[in-house]
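Novice: So here's data.cif (mmCIF, C-alpha atoms and all ligand atoms).
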data_target
#
loop_
_atom_site.label_atom_id
_atom_site.label_comp_id
_atom_site.auth_asym_id
_atom_site.auth_seq_id
_atom_site.Cartn_x
_atom_site.Cartn_y
_atom_site.Cartn_z
CA MET C 1315 26.49 -11.24 -7.97
CA ALA C 1316 25.24 -7.67 -7.89
CA HIS C 1317 25.52 -4.69 -5.54
CA LEU C 1318 22.14 -3.15 -4.72
CA LEU C 1319 21.32 0.17 -3.06
CA VAL C 1320 18.07 -0.18 -1.09
CA THR C 1321 16.40 3.06 0.06
CA GLY C 1322 14.01 2.57 2.98
CA ALA C 1323 16.12 -0.44 4.00
CA ALA C 1324 15.05 -0.34 7.66
CA GLY C 1325 11.35 -0.46 6.83
CA PHE C 1326 8.96 -3.39 6.65
CA ILE C 1327 9.45 -4.30 2.97
CA GLY C 1328 12.98 -2.87 2.77
CA SER C 1329 14.39 -5.04 5.54
CA HIS C 1330 12.93 -8.24 4.07
CA THR C 1331 14.27 -7.22 0.67
CA CYS C 1332 17.76 -6.73 2.16
CA ASP C 1333 17.55 -10.13 3.88
CA GLN C 1334 16.64 -11.94 0.65
CA LEU C 1335 19.28 -10.13 -1.41
CA LEU C 1336 21.97 -11.01 1.14
CA ALA C 1337 20.77 -14.63 1.36
CA ALA C 1338 21.10 -14.86 -2.43
CA GLY C 1339 24.74 -13.73 -2.17
CA HIS C 1340 24.40 -10.10 -3.28
CA THR C 1341 26.03 -7.09 -1.66
CA VAL C 1342 23.61 -4.55 -0.18
CA THR C 1343 23.98 -0.90 0.74
CA GLY C 1344 21.00 0.21 2.80
CA LEU C 1345 19.88 3.80 3.22
CA ASP C 1346 17.27 5.01 5.70
CA ASN C 1347 16.49 8.09 7.80
CA PHE C 1348 14.48 6.03 10.31
CA ARG C 1349 11.37 8.15 9.86
CA SER C 1350 9.26 4.99 10.14
CA GLY C 1351 11.98 2.32 9.90
CA ARG C 1352 13.46 0.50 12.88
CA HIS C 1353 16.97 -0.66 13.70
CA GLU C 1354 15.72 -4.04 14.91
CA ASN C 1355 14.36 -4.79 11.43
CA LEU C 1356 17.98 -4.90 10.24
CA ALA C 1357 19.23 -7.21 12.99
CA ALA C 1358 19.88 -10.08 10.56
CA ALA C 1359 21.20 -7.92 7.71
CA GLY C 1360 23.52 -6.10 10.11
CA ARG C 1361 25.34 -9.36 10.88
CA SER C 1362 26.31 -9.80 7.23
CA PRO C 1363 29.73 -8.57 6.06
CA CYS C 1364 28.04 -7.79 2.74
CA PHE C 1365 25.70 -5.18 4.27
CA THR C 1366 26.43 -1.47 4.85
CA LEU C 1367 23.92 0.98 6.31
CA HIS C 1368 23.83 4.75 5.76
CA GLU C 1369 21.57 6.70 8.11
CA VAL C 1370 20.67 9.57 5.78
CA ASP C 1371 17.65 11.22 4.19
CA VAL C 1372 17.17 10.61 0.46
CA THR C 1373 16.15 14.25 0.05
CA ALA C 1374 19.15 15.75 1.91
CA THR C 1375 21.38 17.73 -0.43
CA GLY C 1376 24.16 15.55 -1.83
CA ALA C 1377 23.17 12.51 0.26
CA LEU C 1378 22.41 10.15 -2.64
CA ASP C 1379 25.52 11.31 -4.51
CA ARG C 1380 27.75 10.54 -1.53
CA VAL C 1381 26.24 7.11 -0.87
CA ILE C 1382 26.32 6.12 -4.54
CA SER C 1383 29.87 7.38 -5.06
CA ALA C 1384 31.02 5.23 -2.13
CA ALA C 1385 28.99 2.10 -2.96
CA ARG C 1386 28.90 2.17 -6.78
CA PRO C 1387 25.77 -0.06 -6.89
CA ASP C 1388 24.56 -1.84 -10.02
CA ALA C 1389 20.92 -1.04 -9.27
CA ILE C 1390 18.72 0.96 -6.90
CA ILE C 1391 15.62 -0.41 -5.18
CA HIS C 1392 13.74 2.72 -4.14
CA LEU C 1393 11.36 1.98 -1.28
CA ALA C 1394 11.81 5.04 0.98
CA ALA C 1395 8.60 7.04 1.12
CA LEU C 1396 5.92 8.69 3.17
CA VAL C 1397 3.81 5.55 3.39
CA SER C 1398 0.59 6.69 5.00
CA VAL C 1399 -2.34 7.64 2.76
CA GLN C 1400 -3.84 9.59 5.68
CA GLU C 1401 -0.65 11.55 6.26
CA SER C 1402 -0.57 12.44 2.56
CA MET C 1403 -4.03 13.99 3.06
CA THR C 1404 -3.05 16.03 6.11
CA ASP C 1405 0.34 17.10 4.70
CA PRO C 1406 0.29 17.00 0.87
CA ALA C 1407 3.46 19.12 0.69
CA LEU C 1408 5.41 16.56 2.71
CA ASN C 1409 3.94 13.82 0.54
CA PHE C 1410 5.24 15.69 -2.52
CA ALA C 1411 8.71 16.09 -1.00
CA LEU C 1412 9.12 12.52 0.23
CA ASN C 1413 7.33 10.74 -2.60
CA VAL C 1414 7.70 12.82 -5.79
CA GLN C 1415 10.79 14.97 -5.18
CA ALA C 1416 12.65 12.04 -3.60
CA THR C 1417 11.89 9.87 -6.63
CA HIS C 1418 13.12 12.61 -8.95
CA LEU C 1419 16.38 12.72 -6.96
CA VAL C 1420 16.73 8.95 -7.32
CA ALA C 1421 16.11 9.18 -11.09
CA GLU C 1422 18.69 11.95 -11.39
CA ALA C 1423 21.24 10.08 -9.28
CA ALA C 1424 20.75 6.99 -11.46
CA ARG C 1425 21.33 9.10 -14.58
CA SER C 1426 24.38 10.93 -13.34
CA HIS C 1427 26.05 7.77 -11.98
CA GLY C 1428 25.14 5.62 -14.99
CA ILE C 1429 23.11 3.12 -12.94
CA ARG C 1430 21.41 0.71 -15.32
CA ARG C 1431 18.42 -0.39 -13.27
CA VAL C 1432 15.92 1.13 -10.83
CA VAL C 1433 13.15 -0.80 -9.06
CA PHE C 1434 10.40 1.37 -7.59
CA ALA C 1435 7.82 0.68 -4.86
CA SER C 1436 4.59 1.74 -6.50
CA SER C 1437 1.17 0.88 -5.17
CA ALA C 1438 -2.31 -0.35 -6.05
CA ALA C 1439 -3.35 3.11 -4.74
CA ILE C 1440 -2.70 4.47 -8.25
CA TYR C 1441 -5.91 2.72 -9.40
CA GLY C 1442 -8.11 4.51 -6.84
CA ASP C 1443 -11.38 2.85 -5.90
CA THR C 1444 -12.09 1.02 -9.13
CA THR C 1445 -14.72 -1.71 -9.03
CA ASP C 1446 -13.47 -3.21 -12.28
CA LEU C 1447 -11.90 -6.48 -11.01
CA PRO C 1448 -9.41 -7.98 -11.30
CA ILE C 1449 -7.37 -4.80 -11.53
CA ARG C 1450 -5.10 -5.01 -14.55
CA GLU C 1451 -2.17 -2.79 -15.40
CA ALA C 1452 -4.28 -1.21 -18.17
CA THR C 1453 -7.11 -0.38 -15.73
CA ASP C 1454 -7.76 3.39 -15.50
CA LYS C 1455 -5.42 5.14 -13.07
CA LYS C 1456 -7.61 7.35 -10.90
CA PRO C 1457 -5.81 7.94 -7.60
CA ILE C 1458 -8.02 9.30 -4.83
CA SER C 1459 -5.26 10.54 -2.50
CA PRO C 1460 -2.09 12.63 -2.75
CA TYR C 1461 -0.23 9.40 -1.90
CA GLY C 1462 -1.70 7.52 -4.89
CA ALA C 1463 -1.09 10.51 -7.16
CA ALA C 1464 2.54 10.72 -6.03
CA LYS C 1465 3.09 7.04 -6.78
CA LEU C 1466 1.62 7.48 -10.27
CA ALA C 1467 3.72 10.61 -10.89
CA SER C 1468 6.82 8.77 -9.65
CA GLU C 1469 6.24 5.92 -12.08
CA ALA C 1470 6.03 8.41 -14.96
CA LEU C 1471 9.16 10.28 -13.80
CA LEU C 1472 11.22 7.11 -13.55
CA LEU C 1473 9.97 5.50 -16.77
CA GLY C 1474 10.59 8.75 -18.69
CA HIS C 1475 14.10 9.07 -17.26
CA GLY C 1476 14.79 5.42 -17.99
CA ALA C 1477 13.66 5.68 -21.61
CA ALA C 1478 15.66 8.87 -22.17
CA PHE C 1479 18.87 7.81 -20.46
CA GLY C 1480 19.03 4.05 -21.00
CA CYS C 1481 18.08 2.73 -17.58
CA THR C 1482 15.73 -0.23 -17.01
CA VAL C 1483 12.93 0.79 -14.67
CA ARG C 1484 10.55 -1.66 -12.98
CA CYS C 1485 7.55 -0.18 -11.16
CA GLN C 1486 6.16 -2.68 -8.67
CA ARG C 1487 2.51 -2.02 -7.85
CA TYR C 1488 2.20 -3.75 -4.48
CA PHE C 1489 -1.27 -4.69 -3.27
CA ASN C 1490 -1.94 -5.29 0.47
CA VAL C 1491 1.39 -6.41 1.88
CA PHE C 1492 1.45 -8.20 5.25
CA GLY C 1493 3.89 -10.14 7.39
CA PRO C 1494 6.43 -9.86 10.20
CA ARG C 1495 7.87 -6.40 11.01
CA GLN C 1496 4.90 -4.41 9.76
CA ASP C 1497 4.53 -1.58 12.24
CA PRO C 1498 1.42 -2.36 14.30
CA ALA C 1499 1.82 0.85 16.30
CA SER C 1500 0.82 2.96 13.32
CA PRO C 1501 -2.91 3.66 13.25
CA TYR C 1502 -2.65 3.52 9.46
CA SER C 1503 -0.98 0.15 9.31
CA GLY C 1504 -2.46 -2.74 7.38
CA VAL C 1505 -5.52 -4.38 8.90
CA ILE C 1506 -3.65 -7.67 9.46
CA SER C 1507 -0.94 -6.11 11.64
CA ILE C 1508 -3.61 -4.28 13.64
CA PHE C 1509 -5.55 -7.53 14.17
CA ASP C 1510 -2.30 -9.34 15.05
CA ARG C 1511 -1.47 -6.78 17.71
CA ARG C 1512 -4.93 -6.97 19.28
CA TYR C 1513 -5.07 -10.77 19.35
CA ARG C 1514 -1.62 -10.88 20.95
CA ALA C 1515 -2.94 -8.54 23.65
CA GLY C 1516 -5.99 -10.80 24.13
CA LYS C 1517 -8.34 -8.10 22.81
CA ALA C 1518 -11.27 -8.58 20.42
CA VAL C 1519 -11.06 -6.89 17.04
CA THR C 1520 -13.61 -4.59 15.45
CA ILE C 1521 -14.72 -5.28 11.90
CA TYR C 1522 -16.20 -2.36 10.00
CA GLY C 1523 -19.17 -3.73 8.08
CA ASP C 1524 -20.03 -7.42 7.81
CA GLY C 1525 -16.46 -8.61 7.11
CA SER C 1526 -17.22 -9.80 3.60
CA GLN C 1527 -14.97 -7.10 2.13
CA THR C 1528 -11.96 -8.63 0.38
CA ARG C 1529 -8.35 -7.69 -0.32
CA ASP C 1530 -5.50 -9.16 -2.30
CA PHE C 1531 -3.18 -9.82 0.66
CA ILE C 1532 0.38 -10.61 -0.42
CA SER C 1533 3.10 -11.87 1.91
CA VAL C 1534 6.10 -9.60 2.42
CA HIS C 1535 8.29 -12.60 1.56
CA ASP C 1536 6.76 -12.71 -1.91
CA VAL C 1537 7.13 -8.93 -2.30
CA ALA C 1538 10.80 -9.08 -1.31
CA ARG C 1539 11.33 -11.90 -3.82
CA ALA C 1540 9.64 -9.81 -6.53
CA ASN C 1541 12.07 -6.98 -5.70
CA LEU C 1542 15.05 -9.32 -5.87
CA ILE C 1543 13.96 -10.63 -9.28
CA ALA C 1544 13.23 -7.16 -10.67
CA ALA C 1545 16.62 -5.88 -9.54
CA THR C 1546 18.85 -8.78 -10.52
CA ARG C 1547 17.28 -10.95 -13.23
CA PRO C 1548 19.00 -10.47 -16.59
CA ASP C 1549 17.01 -9.36 -19.63
CA VAL C 1550 14.26 -7.60 -17.69
CA ARG C 1551 12.64 -4.75 -19.61
CA SER C 1552 11.21 -1.48 -18.33
CA GLY C 1553 7.57 -1.49 -17.28
CA ALA C 1554 5.06 -1.63 -14.48
CA ALA C 1555 3.32 -4.68 -13.06
CA ASN C 1556 1.00 -5.57 -10.22
CA ILE C 1557 2.68 -7.41 -7.39
CA CYS C 1558 -0.30 -9.32 -6.06
CA THR C 1559 -1.60 -12.84 -5.63
CA GLY C 1560 -4.69 -12.62 -7.84
CA ARG C 1561 -6.71 -14.08 -4.96
CA ALA C 1562 -9.32 -12.34 -2.81
CA THR C 1563 -9.34 -12.99 0.94
CA SER C 1564 -12.18 -11.65 3.09
CA LEU C 1565 -11.72 -10.11 6.51
CA LEU C 1566 -13.88 -12.93 7.92
CA GLU C 1567 -11.37 -15.46 6.53
CA VAL C 1568 -8.50 -13.49 8.10
CA VAL C 1569 -10.30 -13.41 11.45
CA ALA C 1570 -11.03 -17.15 11.24
CA VAL C 1571 -7.28 -17.90 11.17
CA PHE C 1572 -6.67 -15.66 14.20
CA ARG C 1573 -9.58 -17.23 16.08
CA GLN C 1574 -8.18 -20.72 15.54
CA GLN C 1575 -4.91 -19.60 17.12
CA TYR C 1576 -6.50 -17.49 19.88
CA PRO C 1577 -9.68 -19.37 20.88
CA GLU C 1578 -9.73 -17.60 24.25
CA VAL C 1579 -10.13 -14.12 22.70
CA ALA C 1580 -13.70 -12.82 22.43
CA ALA C 1581 -15.51 -12.84 19.08
CA PRO C 1582 -15.08 -9.76 16.88
CA THR C 1583 -17.53 -6.92 17.17
CA HIS C 1584 -18.96 -5.25 14.10
CA ALA C 1585 -19.20 -1.49 13.54
CA ALA C 1586 -20.83 0.49 10.74
CA PRO C 1587 -18.87 0.40 7.45
CA ARG C 1588 -16.52 3.37 7.11
CA THR C 1589 -17.44 5.81 4.37
CA GLY C 1590 -15.02 5.61 1.47
CA ASP C 1591 -13.76 2.13 2.30
CA ILE C 1592 -13.24 -0.01 -0.78
CA ILE C 1593 -15.37 -3.18 -0.64
CA HIS C 1594 -13.35 -5.47 -2.89
CA SER C 1595 -9.84 -5.31 -4.34
CA ARG C 1596 -7.96 -7.94 -6.30
CA GLY C 1597 -5.14 -7.62 -8.79
CA ALA C 1598 -4.30 -9.59 -11.92
CA PRO C 1599 -0.86 -11.19 -11.49
CA ASP C 1600 -0.23 -12.15 -15.13
CA ASP C 1601 1.93 -9.20 -16.22
CA ALA C 1602 4.40 -9.77 -13.38
CA ALA C 1603 4.55 -13.44 -14.37
CA ALA C 1604 5.29 -12.51 -17.99
CA ALA C 1605 7.76 -9.68 -17.33
CA LEU C 1606 9.56 -11.06 -14.28
CA GLY C 1607 8.64 -14.73 -14.04
CA PHE C 1608 7.16 -13.83 -10.64
CA ARG C 1609 4.12 -15.42 -9.04
CA ALA C 1610 3.22 -15.19 -5.38
CA ALA C 1611 3.86 -18.46 -3.59
CA VAL C 1612 2.68 -17.86 -0.01
CA SER C 1613 -1.07 -18.28 0.61
CA ALA C 1614 -2.82 -15.74 2.84
CA GLU C 1615 -3.52 -18.52 5.35
CA ASP C 1616 0.10 -19.74 5.50
CA GLY C 1617 1.39 -16.16 5.71
CA LEU C 1618 -1.01 -15.42 8.57
CA ARG C 1619 0.02 -18.54 10.47
CA GLU C 1620 3.68 -17.55 10.10
CA LEU C 1621 2.92 -14.02 11.34
CA ILE C 1622 1.05 -15.36 14.36
CA ARG C 1623 3.89 -17.83 15.12
CA THR C 1624 6.82 -15.45 14.71
CA GLY C 1625 5.40 -11.96 15.21
N1 LIG B 1 3.13 -1.98 2.96
C1 LIG B 1 2.29 -1.95 1.92
O1 LIG B 1 1.22 -2.60 1.94
C2 LIG B 1 2.64 -1.14 0.68
C3 LIG B 1 1.74 -1.17 -0.39
C4 LIG B 1 2.07 -0.44 -1.54
C5 LIG B 1 3.23 0.28 -1.61
N2 LIG B 1 4.09 0.31 -0.54
C6 LIG B 1 5.32 1.09 -0.68
O2 LIG B 1 6.42 0.26 -0.33
C7 LIG B 1 7.49 1.06 0.21
C8 LIG B 1 7.91 0.48 1.54
O3 LIG B 1 6.80 0.54 2.43
P1 LIG B 1 6.77 -0.17 3.85
O4 LIG B 1 5.40 -0.73 4.03
O5 LIG B 1 7.95 -1.04 3.99
O6 LIG B 1 6.86 1.11 4.82
P2 LIG B 1 7.94 1.47 5.96
O7 LIG B 1 7.46 2.75 6.57
O8 LIG B 1 8.14 0.31 6.85
O9 LIG B 1 9.27 1.71 5.09
C9 LIG B 1 9.61 2.96 4.53
C10 LIG B 1 11.05 3.24 4.93
O10 LIG B 1 11.52 4.42 4.27
C11 LIG B 1 12.22 5.22 5.23
N3 LIG B 1 12.18 6.60 4.74
C12 LIG B 1 11.08 7.39 4.60
N4 LIG B 1 11.44 8.58 4.09
C13 LIG B 1 12.78 8.54 3.90
C14 LIG B 1 13.73 9.48 3.41
N5 LIG B 1 13.36 10.70 2.98
N6 LIG B 1 15.04 9.13 3.37
C15 LIG B 1 15.44 7.89 3.78
N7 LIG B 1 14.56 6.96 4.26
C16 LIG B 1 13.26 7.29 4.33
C17 LIG B 1 11.50 4.97 6.53
O11 LIG B 1 12.28 5.28 7.68
C18 LIG B 1 11.19 3.48 6.43
O12 LIG B 1 12.24 2.69 6.94
C19 LIG B 1 6.95 2.47 0.28
O13 LIG B 1 7.37 3.17 -0.88
C20 LIG B 1 5.44 2.28 0.25
O14 LIG B 1 4.78 3.42 -0.25
C21 LIG B 1 3.82 -0.39 0.61
#
Can the structure in the file be given as structure tokens, please?
Specialist:
Amino acid sequence: MAHLLVTGAAGFIGSHTCDQLLAAGHTVTGLDNFRSGRHENLAAAGRSPCFTLHEVDVTATGALDRVISAARPDAIIHLAALVSVQESMTDPALNFALNVQATHLVAEAARSHGIRRVVFASSAAIYGDTTDLPIREATDKKPISPYGAAKLASEALLLGHGAAFGCTVRCQRYFNVFGPRQDPASPYSGVISIFDRRYRAGKAVTIYGDGSQTRDFISVHDVARANLIAATRPDVRSGAANICTGRATSLLEVVAVFRQQYPEVAAPTHAAPRTGDIIHSRGAPDDAAAALGFRAAVSAEDGLRELIRTG
């Protein structure tokens, strides 16, 4: 059994990752400054004797050193970040601090404490608005936001550090993650959590465009499992892989599942497509299967039904 340090532990993906690590019998040290994370996300983890939480900022001087010296983890799963593309546009300096500088501090902490593995939350945002589908790891990286650029820079920082100092680095390029605990209050949250919130309130949703646009929606349970595998499976080698399903789901298909569950809610309204919105996105899942033995197991429909049932 391993001891994992999870940054961003109180967030959407972080809390599910902690839950799965603990369920598998690992020890988890969580770190979060609660910028966007929530205490209630850690309700289950907090009941485990194998879980410790540190309420600190990754970028605070000496914070990582103190936490790592106390916990002595085998690996770090680095999920803490400024997660909003829009916020990265309005405050690129903060995006640099929380996404690039923070990753550099994690890489340095791993080096100085001799940690042998780092798993990093990268994003499909590094590919920009490519129309070359499915998106493969070799697809051109052309980020179109400071957020996407920071994720790409972070991958390079970590992989370079890893190669130089003998640490295995796995960069996990998540596609559109959805599931319980995604913050629906954020105006920048994923479309599914926004739809979920409106249907729960009995309100019709607005679809920009005709609804035929598609995304590669992946359940947070699959993403957490991919993190667990990347952090704990023996004989994993450094690299980057898409964490996606390989399947395209349209917004109309998403809405159809909600409408089945909420027949009393009025039909969606349509608004003009938003400029800059990507029409179709779908990843190729084969590299993650080869490098990690990971394939998504939860269908978009099953994941949506679970979200609607449990919230
Ligand atoms: N949700 C998605 O669809 C998606 C897609 C691609 C990549 N990602 C990446 O996955 C990671 C997790 O995202 P999420 O969706 O769970 O978002 P989230 O906002 O729920 O989680 C991020 C967590 O990091 C914490 N945090 C932020 N800055 C911190 C700091 N300086 N020190 C300590 N803690 C800090 C926040 O409080 C929060 O708990 C992020 O790196 C994000 O960029 C998410």
Novice: Quick one: of C:Gly1560, C:Gly1360, C:Gly1462, C:Pro1387, who's nearest to ligand LIG 1 (chain B), counting all atoms listed in the file?
Specialist: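 Under the stated criterion, the closest residue is C:Gly1462.
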Novice: As a tab-separated table (two decimals) with C-alpha atoms, keeping the file's coordinate frame, please: the residues near C:Cys1485 (cut-off 7 Å, all atoms listed in the file, same-chain neighbours under 4 positions excluded).
Specialist:
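Generated output (part17.tsv):
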chain	number	residue	atom	x	y	z
C	1433	VAL	CA	13.15	-0.80	-9.06
C	1434	PHE	CA	10.40	1.37	-7.59
C	1435	ALA	CA	7.82	0.68	-4.86
C	1436	SER	CA	4.59	1.74	-6.50
C	1469	GLU	CA	6.24	5.92	-12.08
C	1553	GLY	CA	7.57	-1.49	-17.28
C	1554	ALA	CA	5.06	-1.63	-14.48
C	1555	ALA	CA	3.32	-4.68	-13.06
Novice: Show me, as JSON, numbers by chain, the residues that have an atom within 12 Å of stretch 1611-1621 of chain C when counting all atoms listed in the file, minus same-chain residues fewer than 5 positions from it.
Specialist: {"C": [1490, 1491, 1492, 1493, 1494, 1495, 1496, 1505, 1506, 1507, 1508, 1509, 1510, 1511, 1513, 1514, 1528, 1529, 1530, 1531, 1532, 1533, 1534, 1535, 1536, 1537, 1538, 1539, 1540, 1557, 1558, 1559, 1560, 1561, 1562, 1563, 1564, 1565, 1567, 1568, 1569, 1570, 1571, 1572, 1573, 1574, 1575, 1576, 1599, 1603]}
Novice: Quick one: residues within 8 Å of ligand LIG 1 (chain B), with all atoms listed in the file, as a ChimeraX atom specification?
Specialist: /C:1321-1329,1345-1352,1369-1374,1392-1398,1412-1413,1416,1434-1439,1461,1465,1487-1492,1495-1497,1503-1504
Novice: Please measure the separation of atom CA of C:Ala1377 and atom CA of C:Asp1333, giving the value in Å to one decimal.
Specialist: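 Value for the atom CA of C:Ala1377-atom CA of C:Asp1333 distance: 23.6 Å.
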Novice: Excluding C:Ile1521 and its own-chain neighbours fewer than 5 positions away, which residues fall within 9 Å of it when counting all atoms listed in the file? Please give them as a list in words.
Specialist: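 In the requested format, the answer is Leu1565, Leu1566, Pro1582, Thr1583, His1584, Ala1585, Ala1586 and Pro1587 of chain C.
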Novice: Would you mind reading off the distance between atom CA of C:Thr1589 and atom CA of C:Asp1443, one decimal, in Å?
Specialist: 12.3 Å
Novice: Excluding C:Met1315 and residues on its chain fewer than 3 positions from it, collect all residues at most 8 Å away from it, counting all atoms listed in the file, and give them as a list in words.
Specialist: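 Listed by chain and then number, they are Gly1339, His1340 and Thr1341 of chain C.
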Novice: Would you work out the distance separating atom CA of C:Lys1455 from atom CA of C:Gly1597, expressed in Å to one decimal?
Specialist: 13.5 Å
Novice: Tell me which of C:Ala1389, C:Ala1580, C:His1317, C:Leu1378 sits closest to C:Phe1365, counting all atoms listed in the file.
Specialist: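 Result for the nearest residue to C:Phe1365: C:His1317.
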Novice: If I put a ball of radius 7 Å at (9.5, -14.6, -8.2) in the file's coordinates, which residues poke into it when counting only C-alpha atoms, written as a ChimeraX atom specification?
Specialist: /C:1539-1540,1543,1607-1610
Novice: Identify the residues within 10 Å of coordinate (18.9, 11.2, -14.6) (same frame as the file), considering all atoms listed in the file, and give the answer as a PyMOL selection string.
Specialist: chain C and resi 1418-1429+1471-1472+1474-1476+1478-1481
Novice: Please return stretch 1353-1360 of chain C, rebuilt to all heavy atoms, as an mmCIF file, keeping the file's coordinate frame.
Specialist:
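Contents of selection-v6.cif, freshly written:
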data_model
loop_
_atom_site.group_PDB
_atom_site.id
_atom_site.type_symbol
_atom_site.label_atom_id
_atom_site.label_comp_id
_atom_site.auth_asym_id
_atom_site.auth_seq_id
_atom_site.Cartn_x
_atom_site.Cartn_y
_atom_site.Cartn_z
ATOM 1 N N HIS C 1353 15.676 0.034 13.703
ATOM 2 C CA HIS C 1353 16.970 -0.660 13.700
ATOM 3 C C HIS C 1353 16.809 -2.163 13.842
ATOM 4 O O HIS C 1353 17.523 -2.933 13.203
ATOM 5 C CB HIS C 1353 17.875 -0.097 14.803
ATOM 6 C CG HIS C 1353 18.500 1.210 14.426
ATOM 7 N ND1 HIS C 1353 19.587 1.310 13.579
ATOM 8 C CD2 HIS C 1353 18.166 2.473 14.750
ATOM 9 C CE1 HIS C 1353 19.906 2.572 13.411
ATOM 10 N NE2 HIS C 1353 19.057 3.303 14.108
ATOM 11 N N GLU C 1354 15.850 -2.588 14.668
ATOM 12 C CA GLU C 1354 15.720 -4.040 14.910
ATOM 13 C C GLU C 1354 15.313 -4.798 13.640
ATOM 14 O O GLU C 1354 15.572 -5.996 13.528
ATOM 15 C CB GLU C 1354 14.759 -4.349 16.071
ATOM 16 C CG GLU C 1354 13.351 -3.820 15.923
ATOM 17 C CD GLU C 1354 13.161 -2.484 16.652
ATOM 18 O OE1 GLU C 1354 14.096 -1.654 16.661
ATOM 19 O OE2 GLU C 1354 12.057 -2.278 17.208
ATOM 20 N N ASN C 1355 14.703 -4.114 12.688
ATOM 21 C CA ASN C 1355 14.360 -4.790 11.430
ATOM 22 C C ASN C 1355 15.612 -5.259 10.679
ATOM 23 O O ASN C 1355 15.542 -6.176 9.865
ATOM 24 C CB ASN C 1355 13.577 -3.848 10.499
ATOM 25 C CG ASN C 1355 12.170 -3.580 11.009
ATOM 26 O OD1 ASN C 1355 11.701 -4.254 11.919
ATOM 27 N ND2 ASN C 1355 11.500 -2.591 10.422
ATOM 28 N N LEU C 1356 16.740 -4.584 10.951
ATOM 29 C CA LEU C 1356 17.980 -4.900 10.240
ATOM 30 C C LEU C 1356 18.920 -5.765 11.071
ATOM 31 O O LEU C 1356 20.111 -5.860 10.756
ATOM 32 C CB LEU C 1356 18.680 -3.608 9.798
ATOM 33 C CG LEU C 1356 17.939 -2.832 8.695
ATOM 34 C CD1 LEU C 1356 18.575 -1.462 8.478
ATOM 35 C CD2 LEU C 1356 17.938 -3.628 7.382
ATOM 36 N N ALA C 1357 18.368 -6.399 12.111
ATOM 37 C CA ALA C 1357 19.230 -7.210 12.990
ATOM 38 C C ALA C 1357 19.958 -8.282 12.193
ATOM 39 O O ALA C 1357 21.181 -8.456 12.326
ATOM 40 C CB ALA C 1357 18.394 -7.833 14.099
ATOM 41 N N ALA C 1358 19.246 -9.005 11.337
ATOM 42 C CA ALA C 1358 19.880 -10.080 10.560
ATOM 43 C C ALA C 1358 20.823 -9.497 9.519
ATOM 44 O O ALA C 1358 21.985 -9.929 9.405
ATOM 45 C CB ALA C 1358 18.817 -10.949 9.895
ATOM 46 N N ALA C 1359 20.362 -8.520 8.774
ATOM 47 C CA ALA C 1359 21.200 -7.920 7.710
ATOM 48 C C ALA C 1359 22.488 -7.358 8.304
ATOM 49 O O ALA C 1359 23.576 -7.505 7.724
ATOM 50 C CB ALA C 1359 20.427 -6.833 6.982
ATOM 51 N N GLY C 1360 22.368 -6.738 9.478
ATOM 52 C CA GLY C 1360 23.520 -6.100 10.110
ATOM 53 C C GLY C 1360 24.634 -7.074 10.470
ATOM 54 O O GLY C 1360 25.783 -6.662 10.654
#
